[in-house]
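What follows is a short report on a single structure.
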Amino acid sequence: MERSRRPPAPGTARPRAPRAAPSTAGTTTPPPQPQSAPQPPPPPPNPTRPSRPPRPKWNVWRLAQSADGYGSTIAGGTDNQATNDYATVAGGLHNYATGSSSGIGGGFYNVASGYVAYIGGGDLNIASSQNATIGGGYQNEVGGGALIANGTIGGGVFNVANGFAATIAGGHGIHADGEWSSAGGAASISPRAAVPGSAAANTTSPADPGRP
């Protein structure tokens, strides 16, 4: 015969024992990871420091070279210009070959503006007539106008050949204004020297040895 269980009287119930915590034997706890320090924000740009201009890709000096004529050529130098057809500048500084088929070998501030005019070198020489030729020197000029041609100055200083086919080899301050006139030293050629073989050829003026 089974024995019936009576419910406990109020206030007489036995308290239950607390449950034991689960055992952690044999388990390892990972160590705490160190936290990285926060990075400071980048500094603001300095408004007082000017920005550096971009570096040019080409040499600034060479930008001044100008070979604008058809078939024109500039071999080197600085600030040279070949502005007409088939004009040529080999080198130098500030040389201007503006005549058709003109040429300048080098030097400084030379101008070959005549047709097939040529200046070998020197400074401040001007070959403005057709087929004018100046070998070198300083401030020599072969001109005379559109109808004058074939003038030649080899060198020297302050020489002027304005006559047709006039020739000055060198010297100082020589003027050859007559046709086919020529001079080889520091003398002034008279316009009467236009007549070949005349007595006035290759003579100097005693009144003014520097001019005809």
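The chains in the structure tokens are called A, B, ... from first to last as shown; in each chain the residues are counted from 1, and the ligands are counted from 1 in the order shown.
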Show me, as a short mmCIF file (atom, residue, chain, number, x, y, z; two decimals) with all heavy atoms, in the first residue's frame, the residues that have an atom within 7 Å of Thr73 in chain A when counting only C-alpha atoms, minus same-chain residues fewer than 5 positions from it.
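File produced: part-v7.cif:
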```cif
data_model
loop_
_atom_site.label_atom_id
_atom_site.label_comp_id
_atom_site.auth_asym_id
_atom_site.auth_seq_id
_atom_site.Cartn_x
_atom_site.Cartn_y
_atom_site.Cartn_z
N ALA A 67 61.54 78.86 -86.13
CA ALA A 67 61.77 78.53 -87.53
C ALA A 67 60.42 78.47 -88.21
O ALA A 67 59.80 77.41 -88.34
CB ALA A 67 62.53 77.21 -87.66
N ALA A 82 64.35 82.09 -87.97
CA ALA A 82 64.43 81.88 -89.42
C ALA A 82 63.00 81.96 -89.95
O ALA A 82 62.26 80.99 -89.91
CB ALA A 82 65.06 80.53 -89.73
N ALA A 87 65.26 79.58 -94.97
CA ALA A 87 66.24 80.33 -94.18
C ALA A 87 66.90 79.39 -93.16
O ALA A 87 66.27 78.44 -92.68
CB ALA A 87 65.58 81.50 -93.47
N THR A 88 68.15 79.68 -92.83
CA THR A 88 68.92 78.79 -91.96
C THR A 88 69.73 79.61 -90.96
O THR A 88 70.38 80.58 -91.34
CB THR A 88 69.87 77.91 -92.78
OG1 THR A 88 69.12 77.14 -93.72
CG2 THR A 88 70.64 76.96 -91.87
N VAL A 89 69.68 79.19 -89.72
CA VAL A 89 70.54 79.75 -88.66
C VAL A 89 71.23 78.57 -87.99
O VAL A 89 70.57 77.69 -87.44
CB VAL A 89 69.74 80.57 -87.64
CG1 VAL A 89 70.67 81.07 -86.53
CG2 VAL A 89 69.04 81.74 -88.31
#
```
(request) as a VMD selection string, list the residues of range 88-200 of chain A assigned to strand (DSSP E) by DSSP on the backbone atoms of this structure. (result) chain A and resid 88 to 89 96 to 97 103 to 104 111 to 112 118 to 119 126 to 127 133 to 134 141 to 142 152 to 153 160 to 161 167 to 168 175 to 176 182 to 183
Would you output that residue set with C-alpha atoms, as a PDB file, in the first residue's frame?
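Result file part-v5.pdb:
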```pdb
ATOM      1  CA  THR A  88      68.915  78.793 -91.962  1.00  0.00           C
ATOM      2  CA  VAL A  89      70.543  79.747 -88.660  1.00  0.00           C
ATOM      3  CA  TYR A  96      67.597  86.730 -87.635  1.00  0.00           C
ATOM      4  CA  ALA A  97      67.515  85.145 -91.083  1.00  0.00           C
ATOM      5  CA  GLY A 103      71.712  81.992 -93.805  1.00  0.00           C
ATOM      6  CA  ILE A 104      73.606  82.905 -90.636  1.00  0.00           C
ATOM      7  CA  VAL A 111      70.434  90.131 -89.637  1.00  0.00           C
ATOM      8  CA  ALA A 112      70.366  88.509 -93.087  1.00  0.00           C
ATOM      9  CA  TYR A 118      74.682  85.132 -95.845  1.00  0.00           C
ATOM     10  CA  ILE A 119      76.502  86.144 -92.643  1.00  0.00           C
ATOM     11  CA  ILE A 126      73.458  93.406 -91.655  1.00  0.00           C
ATOM     12  CA  ALA A 127      73.203  91.810 -95.092  1.00  0.00           C
ATOM     13  CA  THR A 133      77.837  88.227 -98.009  1.00  0.00           C
ATOM     14  CA  ILE A 134      79.505  89.180 -94.726  1.00  0.00           C
ATOM     15  CA  GLU A 141      76.619  96.326 -93.623  1.00  0.00           C
ATOM     16  CA  VAL A 142      76.032  95.207 -97.194  1.00  0.00           C
ATOM     17  CA  THR A 152      80.790  91.351-100.045  1.00  0.00           C
ATOM     18  CA  ILE A 153      82.524  92.270 -96.794  1.00  0.00           C
ATOM     19  CA  VAL A 160      79.661  99.557 -95.575  1.00  0.00           C
ATOM     20  CA  ALA A 161      79.324  98.149 -99.107  1.00  0.00           C
ATOM     21  CA  THR A 167      83.940  94.231-102.107  1.00  0.00           C
ATOM     22  CA  ILE A 168      85.637  95.106 -98.831  1.00  0.00           C
ATOM     23  CA  HIS A 175      82.650 102.667 -97.610  1.00  0.00           C
ATOM     24  CA  ALA A 176      82.468 101.018-101.022  1.00  0.00           C
ATOM     25  CA  SER A 182      86.872  97.121-103.865  1.00  0.00           C
ATOM     26  CA  ALA A 183      89.089  97.883-100.894  1.00  0.00           C
TER      27      ALA A 183
END
```
(request) Do a neighbour search on Leu124 in chain A at 12 Å with only C-alpha atoms, toss out local chain neighbours closer than 3 positions, and write the hits as a PyMOL selection string. (result) chain A and resi 92-96+104+106-112+119-121+127+134+136-142+155-159
(request) Skip Gly143 in chain A itself and residues of its chain fewer than 3 positions away, then list as number ranges by chain all residues within 6 Å of it, counting only C-alpha atoms. (result) A: 128-129, 162
